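Undergrad: What follows is structure33.tsv, TSV, N, CA and C atoms.
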chain	number	residue	atom	x	y	z
A	1	MET	N	-12.82	-16.85	16.32
A	1	MET	CA	-12.49	-18.17	15.85
A	1	MET	C	-10.99	-18.39	16.11
A	2	ALA	N	-10.64	-19.54	16.62
A	2	ALA	CA	-9.24	-19.85	16.89
A	2	ALA	C	-8.89	-21.20	16.27
A	3	SER	N	-7.62	-21.36	15.95
A	3	SER	CA	-7.13	-22.61	15.38
A	3	SER	C	-5.94	-23.11	16.21
A	4	PHE	N	-5.94	-24.41	16.43
A	4	PHE	CA	-4.87	-25.06	17.16
A	4	PHE	C	-4.37	-26.24	16.36
A	5	ASN	N	-3.09	-26.58	16.48
A	5	ASN	CA	-2.57	-27.73	15.76
A	5	ASN	C	-2.91	-29.01	16.53
A	6	LYS	N	-2.50	-30.16	16.01
A	6	LYS	CA	-2.84	-31.45	16.63
A	6	LYS	C	-2.26	-31.62	18.03
A	7	LYS	N	-1.21	-30.85	18.34
A	7	LYS	CA	-0.62	-30.90	19.67
A	7	LYS	C	-1.32	-29.95	20.64
A	8	GLY	N	-2.33	-29.24	20.16
A	8	GLY	CA	-3.05	-28.31	21.00
A	8	GLY	C	-2.41	-26.94	21.11
A	9	GLU	N	-1.42	-26.67	20.26
A	9	GLU	CA	-0.73	-25.39	20.29
A	9	GLU	C	-1.48	-24.36	19.44
A	10	PHE	N	-1.52	-23.15	19.95
A	10	PHE	CA	-2.20	-22.06	19.27
A	10	PHE	C	-1.54	-21.77	17.92
A	11	VAL	N	-2.36	-21.64	16.86
A	11	VAL	CA	-1.86	-21.31	15.53
A	11	VAL	C	-2.26	-19.88	15.17
A	12	TYR	N	-3.57	-19.58	15.23
A	12	TYR	CA	-4.04	-18.22	14.95
A	12	TYR	C	-5.45	-18.05	15.50
A	13	ALA	N	-5.85	-16.78	15.60
A	13	ALA	CA	-7.23	-16.44	15.98
A	13	ALA	C	-7.71	-15.31	15.08
A	14	LEU	N	-8.98	-15.39	14.69
A	14	LEU	CA	-9.62	-14.33	13.93
A	14	LEU	C	-10.67	-13.69	14.83
A	15	ILE	N	-10.57	-12.38	15.01
A	15	ILE	CA	-11.48	-11.66	15.89
A	15	ILE	C	-12.19	-10.61	15.05
A	16	TYR	N	-13.50	-10.75	14.93
A	16	TYR	CA	-14.29	-9.84	14.10
A	16	TYR	C	-14.64	-8.60	14.90
A	17	GLY	N	-14.36	-7.44	14.32
A	17	GLY	CA	-14.58	-6.19	15.03
A	17	GLY	C	-15.09	-5.10	14.12
A	18	SER	N	-14.75	-3.86	14.48
A	18	SER	CA	-15.20	-2.71	13.72
A	18	SER	C	-14.09	-1.67	13.67
A	19	GLU	N	-14.39	-0.55	13.06
A	19	GLU	CA	-13.42	0.53	12.90
A	19	GLU	C	-12.79	0.93	14.23
A	20	LYS	N	-13.57	0.93	15.29
A	20	LYS	CA	-13.06	1.39	16.59
A	20	LYS	C	-11.97	0.47	17.15
A	21	ASP	N	-11.81	-0.72	16.58
A	21	ASP	CA	-10.75	-1.64	17.02
A	21	ASP	C	-9.39	-1.30	16.40
A	22	LEU	N	-9.38	-0.41	15.42
A	22	LEU	CA	-8.13	0.03	14.79
A	22	LEU	C	-7.57	1.22	15.57
A	23	SER	N	-6.26	1.38	15.54
A	23	SER	CA	-5.67	2.55	16.19
A	23	SER	C	-6.11	3.81	15.46
A	24	VAL	N	-6.07	4.93	16.16
A	24	VAL	CA	-6.46	6.21	15.57
A	24	VAL	C	-5.58	6.53	14.37
A	25	SER	N	-4.28	6.25	14.46
A	25	SER	CA	-3.38	6.56	13.34
A	25	SER	C	-3.72	5.72	12.11
A	26	VAL	N	-4.09	4.45	12.28
A	26	VAL	CA	-4.48	3.61	11.14
A	26	VAL	C	-5.79	4.13	10.55
A	27	GLN	N	-6.74	4.50	11.39
A	27	GLN	CA	-8.00	5.06	10.89
A	27	GLN	C	-7.72	6.32	10.05
A	28	GLN	N	-6.83	7.18	10.54
A	28	GLN	CA	-6.49	8.41	9.81
A	28	GLN	C	-5.80	8.09	8.49
A	29	ASP	N	-4.88	7.12	8.47
A	29	ASP	CA	-4.21	6.73	7.23
A	29	ASP	C	-5.20	6.20	6.21
A	30	ILE	N	-6.15	5.40	6.66
A	30	ILE	CA	-7.17	4.87	5.74
A	30	ILE	C	-8.00	6.01	5.17
A	31	ARG	N	-8.45	6.93	6.02
A	31	ARG	CA	-9.25	8.06	5.53
A	31	ARG	C	-8.46	8.93	4.54
A	32	LYS	N	-7.17	9.11	4.80
A	32	LYS	CA	-6.32	9.93	3.93
A	32	LYS	C	-6.12	9.25	2.57
A	33	ASN	N	-5.86	7.94	2.58
A	33	ASN	CA	-5.57	7.21	1.34
A	33	ASN	C	-6.81	6.73	0.59
A	34	TYR	N	-7.93	6.61	1.29
A	34	TYR	CA	-9.18	6.13	0.68
A	34	TYR	C	-10.33	7.03	1.12
A	35	PRO	N	-10.30	8.31	0.73
A	35	PRO	CA	-11.27	9.28	1.25
A	35	PRO	C	-12.73	9.01	0.87
A	36	SER	N	-12.97	8.33	-0.23
A	36	SER	CA	-14.36	8.09	-0.65
A	36	SER	C	-14.91	6.78	-0.10
A	37	PHE	N	-14.12	6.03	0.66
A	37	PHE	CA	-14.53	4.73	1.18
A	37	PHE	C	-14.93	4.81	2.65
A	38	THR	N	-15.79	3.88	3.05
A	38	THR	CA	-16.08	3.70	4.47
A	38	THR	C	-15.58	2.31	4.88
A	39	ILE	N	-15.29	2.15	6.15
A	39	ILE	CA	-14.83	0.86	6.66
A	39	ILE	C	-16.05	-0.03	6.87
A	40	TYR	N	-16.07	-1.15	6.16
A	40	TYR	CA	-17.18	-2.09	6.18
A	40	TYR	C	-16.97	-3.20	7.21
A	41	LYS	N	-15.74	-3.73	7.29
A	41	LYS	CA	-15.46	-4.86	8.16
A	41	LYS	C	-14.01	-4.82	8.60
A	42	VAL	N	-13.75	-5.24	9.85
A	42	VAL	CA	-12.40	-5.33	10.39
A	42	VAL	C	-12.23	-6.70	11.02
A	43	ILE	N	-11.16	-7.40	10.63
A	43	ILE	CA	-10.84	-8.70	11.22
A	43	ILE	C	-9.42	-8.63	11.77
A	44	GLU	N	-9.30	-8.84	13.08
A	44	GLU	CA	-8.00	-8.88	13.72
A	44	GLU	C	-7.45	-10.30	13.57
A	45	ILE	N	-6.21	-10.41	13.13
A	45	ILE	CA	-5.58	-11.72	12.91
A	45	ILE	C	-4.43	-11.83	13.90
A	46	LYS	N	-4.61	-12.68	14.92
A	46	LYS	CA	-3.58	-12.89	15.93
A	46	LYS	C	-2.87	-14.19	15.66
A	47	MET	N	-1.54	-14.11	15.61
A	47	MET	CA	-0.68	-15.28	15.46
A	47	MET	C	0.39	-15.17	16.55
A	48	PRO	N	1.03	-16.26	16.91
A	48	PRO	CA	2.06	-16.15	17.94
A	48	PRO	C	3.08	-15.06	17.61
A	49	GLY	N	3.16	-14.06	18.47
A	49	GLY	CA	4.14	-13.01	18.30
A	49	GLY	C	3.76	-11.87	17.39
A	50	THR	N	2.59	-11.90	16.76
A	50	THR	CA	2.21	-10.82	15.84
A	50	THR	C	0.69	-10.67	15.75
A	51	THR	N	0.29	-9.45	15.44
A	51	THR	CA	-1.12	-9.14	15.22
A	51	THR	C	-1.22	-8.26	13.99
A	52	SER	N	-2.14	-8.58	13.09
A	52	SER	CA	-2.40	-7.74	11.92
A	52	SER	C	-3.91	-7.65	11.74
A	53	TYR	N	-4.33	-6.89	10.75
A	53	TYR	CA	-5.76	-6.70	10.50
A	53	TYR	C	-6.06	-6.84	9.02
A	54	GLN	N	-7.22	-7.38	8.73
A	54	GLN	CA	-7.78	-7.31	7.39
A	54	GLN	C	-8.92	-6.30	7.49
A	55	VAL	N	-8.90	-5.29	6.64
A	55	VAL	CA	-9.92	-4.25	6.65
A	55	VAL	C	-10.58	-4.23	5.29
A	56	VAL	N	-11.91	-4.31	5.27
A	56	VAL	CA	-12.66	-4.23	4.03
A	56	VAL	C	-13.32	-2.86	3.97
A	57	LEU	N	-13.01	-2.13	2.88
A	57	LEU	CA	-13.59	-0.81	2.65
A	57	LEU	C	-14.65	-0.93	1.57
A	58	GLN	N	-15.60	0.02	1.55
A	58	GLN	CA	-16.62	-0.02	0.52
A	58	GLN	C	-17.03	1.38	0.08
A	59	THR	N	-17.46	1.45	-1.17
A	59	THR	CA	-18.18	2.60	-1.72
A	59	THR	C	-19.43	2.02	-2.36
A	60	ALA	N	-20.20	2.86	-3.02
A	60	ALA	CA	-21.40	2.36	-3.70
A	60	ALA	C	-21.04	1.43	-4.86
A	61	SER	N	-19.80	1.55	-5.38
A	61	SER	CA	-19.45	0.79	-6.58
A	61	SER	C	-18.36	-0.27	-6.40
A	62	GLU	N	-17.63	-0.26	-5.27
A	62	GLU	CA	-16.55	-1.25	-5.13
A	62	GLU	C	-16.18	-1.52	-3.68
A	63	TYR	N	-15.46	-2.64	-3.51
A	63	TYR	CA	-14.86	-3.03	-2.24
A	63	TYR	C	-13.34	-3.04	-2.41
A	64	VAL	N	-12.64	-2.74	-1.34
A	64	VAL	CA	-11.18	-2.85	-1.30
A	64	VAL	C	-10.80	-3.59	-0.04
A	65	ASP	N	-9.93	-4.60	-0.18
A	65	ASP	CA	-9.37	-5.31	0.98
A	65	ASP	C	-8.00	-4.74	1.27
A	66	LEU	N	-7.76	-4.42	2.54
A	66	LEU	CA	-6.46	-3.94	2.98
A	66	LEU	C	-5.90	-4.90	4.02
A	67	ARG	N	-4.60	-5.06	4.01
A	67	ARG	CA	-3.89	-5.75	5.09
A	67	ARG	C	-3.17	-4.67	5.86
A	68	VAL	N	-3.38	-4.62	7.16
A	68	VAL	CA	-2.72	-3.64	8.02
A	68	VAL	C	-1.74	-4.40	8.90
A	69	SER	N	-0.46	-4.10	8.75
A	69	SER	CA	0.57	-4.81	9.51
A	69	SER	C	0.61	-4.29	10.94
A	70	GLU	N	1.35	-4.99	11.76
A	70	GLU	CA	1.47	-4.65	13.17
A	70	GLU	C	2.01	-3.23	13.37
A	71	ASP	N	2.86	-2.77	12.44
A	71	ASP	CA	3.42	-1.43	12.55
A	71	ASP	C	2.58	-0.36	11.84
A	72	GLY	N	1.36	-0.74	11.39
A	72	GLY	CA	0.43	0.22	10.80
A	72	GLY	C	0.55	0.45	9.31
A	73	GLN	N	1.37	-0.34	8.62
A	73	GLN	CA	1.51	-0.20	7.17
A	73	GLN	C	0.28	-0.78	6.46
A	74	LEU	N	-0.23	-0.04	5.47
A	74	LEU	CA	-1.39	-0.48	4.69
A	74	LEU	C	-0.93	-1.12	3.39
A	75	GLN	N	-1.53	-2.26	3.06
A	75	GLN	CA	-1.26	-2.91	1.78
A	75	GLN	C	-2.59	-3.33	1.16
A	76	GLU	N	-2.87	-2.81	-0.02
A	76	GLU	CA	-4.09	-3.19	-0.73
A	76	GLU	C	-3.90	-4.58	-1.30
A	77	THR	N	-4.81	-5.50	-0.96
A	77	THR	CA	-4.68	-6.88	-1.43
A	77	THR	C	-5.69	-7.24	-2.50
A	78	LYS	N	-6.82	-6.51	-2.56
A	78	LYS	CA	-7.83	-6.83	-3.57
A	78	LYS	C	-8.75	-5.66	-3.76
A	79	LYS	N	-9.22	-5.47	-5.00
A	79	LYS	CA	-10.22	-4.46	-5.31
A	79	LYS	C	-11.26	-5.13	-6.19
A	80	VAL	N	-12.54	-5.01	-5.81
A	80	VAL	CA	-13.62	-5.71	-6.51
A	80	VAL	C	-14.78	-4.74	-6.75
A	81	LYS	N	-15.30	-4.76	-7.96
A	81	LYS	CA	-16.51	-3.98	-8.27
A	81	LYS	C	-17.71	-4.64	-7.60
A	82	ARG	N	-18.60	-3.84	-7.06
A	82	ARG	CA	-19.82	-4.36	-6.44
A	82	ARG	C	-20.84	-4.70	-7.52
A	83	ALA	N	-21.56	-5.77	-7.30
A	83	ALA	CA	-22.63	-6.16	-8.23
A	83	ALA	C	-23.81	-5.23	-8.00
A	84	ASN	N	-24.46	-4.85	-9.07
A	84	ASN	CA	-25.66	-4.01	-8.95
A	84	ASN	C	-26.82	-4.90	-8.55
A	85	GLY	N	-27.59	-4.40	-7.61
A	85	GLY	CA	-28.76	-5.16	-7.37
A	85	GLY	C	-29.10	-5.45	-6.01
Kindly return the structure encoded in the file as structure tokens.
TA:
Amino acid sequence: MASFNKKGEFVYALIYGSEKDLSVSVQQDIRKNYPSFTIYKVIEIKMPGTTSYQVVLQTASEYVDLRVSEDGQLQETKKVKRANG
């Protein structure tokens, strides 16, 4: 999905992917910091001059949203308990 302003200039693009779209070092950092979680969803966020990722992790009981910056820094943005059922 891509977004453009009224002048037709690129604003951002969202590219839906998977764990293999992350660098090996980011995958290793996620496994080290969140050993009981698996990667559920990866969204690449491209903006002029920068690229980052939103990564959703899951366990049987919760989800965690991470923001991965262009330089590979992880920032937890949300943690949610999963509904039973």
Undergrad: With all atoms listed in the file as the counted atoms, please give the residues lying no more than 6 Å from segment 45-50 of chain A, apart from itself and same-chain residues fewer than 6 positions off, as a list in words.
TA: Val11, Tyr12, Ala13, Leu14 and Ile15 of chain A
Undergrad: How far is it from atom C of Gln54 of chain A to atom C of Val42 of chain A, in Å with one decimal?
TA: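 So the answer is 4.9 Å.
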Undergrad: Would you mind listing what lies within 7 Å of Asp65 of chain A as a PyMOL selection string, with all atoms listed in the file counted and same-chain residues fewer than 3 positions away left out?
TA: chain A and resi 54-57+75-80
Undergrad: So that I can check the secondary structure, give me every residue of segment 15-70 of chain A assigned strand (DSSP E) by backbone DSSP, as a list in words.
TA: Ile15, Tyr16, Gly17, Thr38, Ile39, Tyr40, Lys41, Val42, Ile43, Glu44, Ile45, Lys46, Met47, Thr50, Thr51, Ser52, Tyr53, Gln54, Val55, Val56, Leu57, Gln58, Glu62, Tyr63, Val64, Asp65, Leu66, Arg67 and Val68 of chain A
Undergrad: Have a look at atom N of Ser69 of chain A and atom C of Arg82 of chain A and let me know their distance in Å, one decimal.
TA: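 It comes out at 26.1 Å.
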Undergrad: Using all atoms listed in the file, which protein or nucleic acid residues come within 8 Å of segment 21-35 of chain A? Drop anything in the same chain fewer than 2 positions from it, and give the result as a list in words.
TA: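 Skipping anything fewer than 2 positions along the chain leaves Gly17, Ser18, Glu19, Phe37, Thr38, Val42, Gly72, Gln73 and Leu74 of chain A.
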Undergrad: Could you name the residues that touch Ala83 of chain A at 10 Å or less, counting only C-alpha atoms, but leaving out those on the same chain fewer than 3 positions away, as a ChimeraX atom specification?
TA: /A:60-62,80
Undergrad: Which parts of chain A does DSSP call alpha helix (DSSP H) when run on the backbone here, written out as a compact mmCIF listing (two decimals) with N, CA and C atoms, keeping the file's coordinate frame?
TA:
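This went into part35.txt:
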# COMPACT_ATOMS: atom_id res chain seq x y z
N VAL A 24 -6.07 4.93 16.16
CA VAL A 24 -6.46 6.21 15.57
C VAL A 24 -5.58 6.53 14.37
N SER A 25 -4.28 6.25 14.46
CA SER A 25 -3.38 6.56 13.34
C SER A 25 -3.72 5.72 12.11
N VAL A 26 -4.09 4.45 12.28
CA VAL A 26 -4.48 3.61 11.14
C VAL A 26 -5.79 4.13 10.55
N GLN A 27 -6.74 4.50 11.39
CA GLN A 27 -8.00 5.06 10.89
C GLN A 27 -7.72 6.32 10.05
N GLN A 28 -6.83 7.18 10.54
CA GLN A 28 -6.49 8.41 9.81
C GLN A 28 -5.80 8.09 8.49
N ASP A 29 -4.88 7.12 8.47
CA ASP A 29 -4.21 6.73 7.23
C ASP A 29 -5.20 6.20 6.21
N ILE A 30 -6.15 5.40 6.66
CA ILE A 30 -7.17 4.87 5.74
C ILE A 30 -8.00 6.01 5.17
N ARG A 31 -8.45 6.93 6.02
CA ARG A 31 -9.25 8.06 5.53
C ARG A 31 -8.46 8.93 4.54
N LYS A 32 -7.17 9.11 4.80
CA LYS A 32 -6.32 9.93 3.93
C LYS A 32 -6.12 9.25 2.57
N ASN A 33 -5.86 7.94 2.58
CA ASN A 33 -5.57 7.21 1.34
C ASN A 33 -6.81 6.73 0.59
Undergrad: What is the atom CA of Thr59 of chain A-atom CA of Lys41 of chain A distance in Å, reported with one decimal?
TA: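 The value is 12.7 Å.
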Undergrad: Considering only N, CA and C atoms, can you say which of A:Lys20, A:Thr51, A:Gly8, A:Lys81 comes closest to Tyr63 of chain A?
TA: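 Distance minimum relative to Tyr63 of chain A lands on A:Lys81.
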Undergrad: Using the atoms already present, construct N, CA, C and O atoms for segment 46-57 of chain A and hand them back as a compact mmCIF listing (two decimals), keeping the file's coordinate frame.
TA:
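Dumped to result.txt:
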# COMPACT_ATOMS: atom_id res chain seq x y z
N LYS A 46 -4.61 -12.68 14.92
CA LYS A 46 -3.58 -12.89 15.93
C LYS A 46 -2.87 -14.19 15.66
O LYS A 46 -3.49 -15.23 15.49
N MET A 47 -1.54 -14.11 15.61
CA MET A 47 -0.68 -15.28 15.46
C MET A 47 0.39 -15.17 16.55
O MET A 47 0.60 -14.07 17.07
N PRO A 48 1.03 -16.26 16.91
CA PRO A 48 2.06 -16.15 17.94
C PRO A 48 3.08 -15.06 17.61
O PRO A 48 3.70 -15.08 16.56
N GLY A 49 3.16 -14.06 18.47
CA GLY A 49 4.14 -13.01 18.30
C GLY A 49 3.76 -11.87 17.39
O GLY A 49 4.52 -10.92 17.23
N THR A 50 2.59 -11.90 16.76
CA THR A 50 2.21 -10.82 15.84
C THR A 50 0.69 -10.67 15.75
O THR A 50 -0.05 -11.62 15.95
N THR A 51 0.29 -9.45 15.44
CA THR A 51 -1.12 -9.14 15.22
C THR A 51 -1.22 -8.26 13.99
O THR A 51 -0.46 -7.30 13.84
N SER A 52 -2.14 -8.58 13.09
CA SER A 52 -2.40 -7.74 11.92
C SER A 52 -3.91 -7.65 11.74
O SER A 52 -4.67 -8.26 12.50
N TYR A 53 -4.33 -6.89 10.75
CA TYR A 53 -5.76 -6.70 10.50
C TYR A 53 -6.06 -6.84 9.02
O TYR A 53 -5.25 -6.44 8.18
N GLN A 54 -7.22 -7.38 8.73
CA GLN A 54 -7.78 -7.31 7.39
C GLN A 54 -8.92 -6.30 7.49
O GLN A 54 -9.80 -6.44 8.36
N VAL A 55 -8.90 -5.29 6.64
CA VAL A 55 -9.92 -4.25 6.65
C VAL A 55 -10.58 -4.23 5.29
O VAL A 55 -9.90 -4.16 4.27
N VAL A 56 -11.91 -4.31 5.27
CA VAL A 56 -12.66 -4.23 4.03
C VAL A 56 -13.32 -2.86 3.97
O VAL A 56 -14.04 -2.47 4.88
N LEU A 57 -13.01 -2.13 2.88
CA LEU A 57 -13.59 -0.81 2.65
C LEU A 57 -14.65 -0.93 1.57
O LEU A 57 -14.59 -1.84 0.73
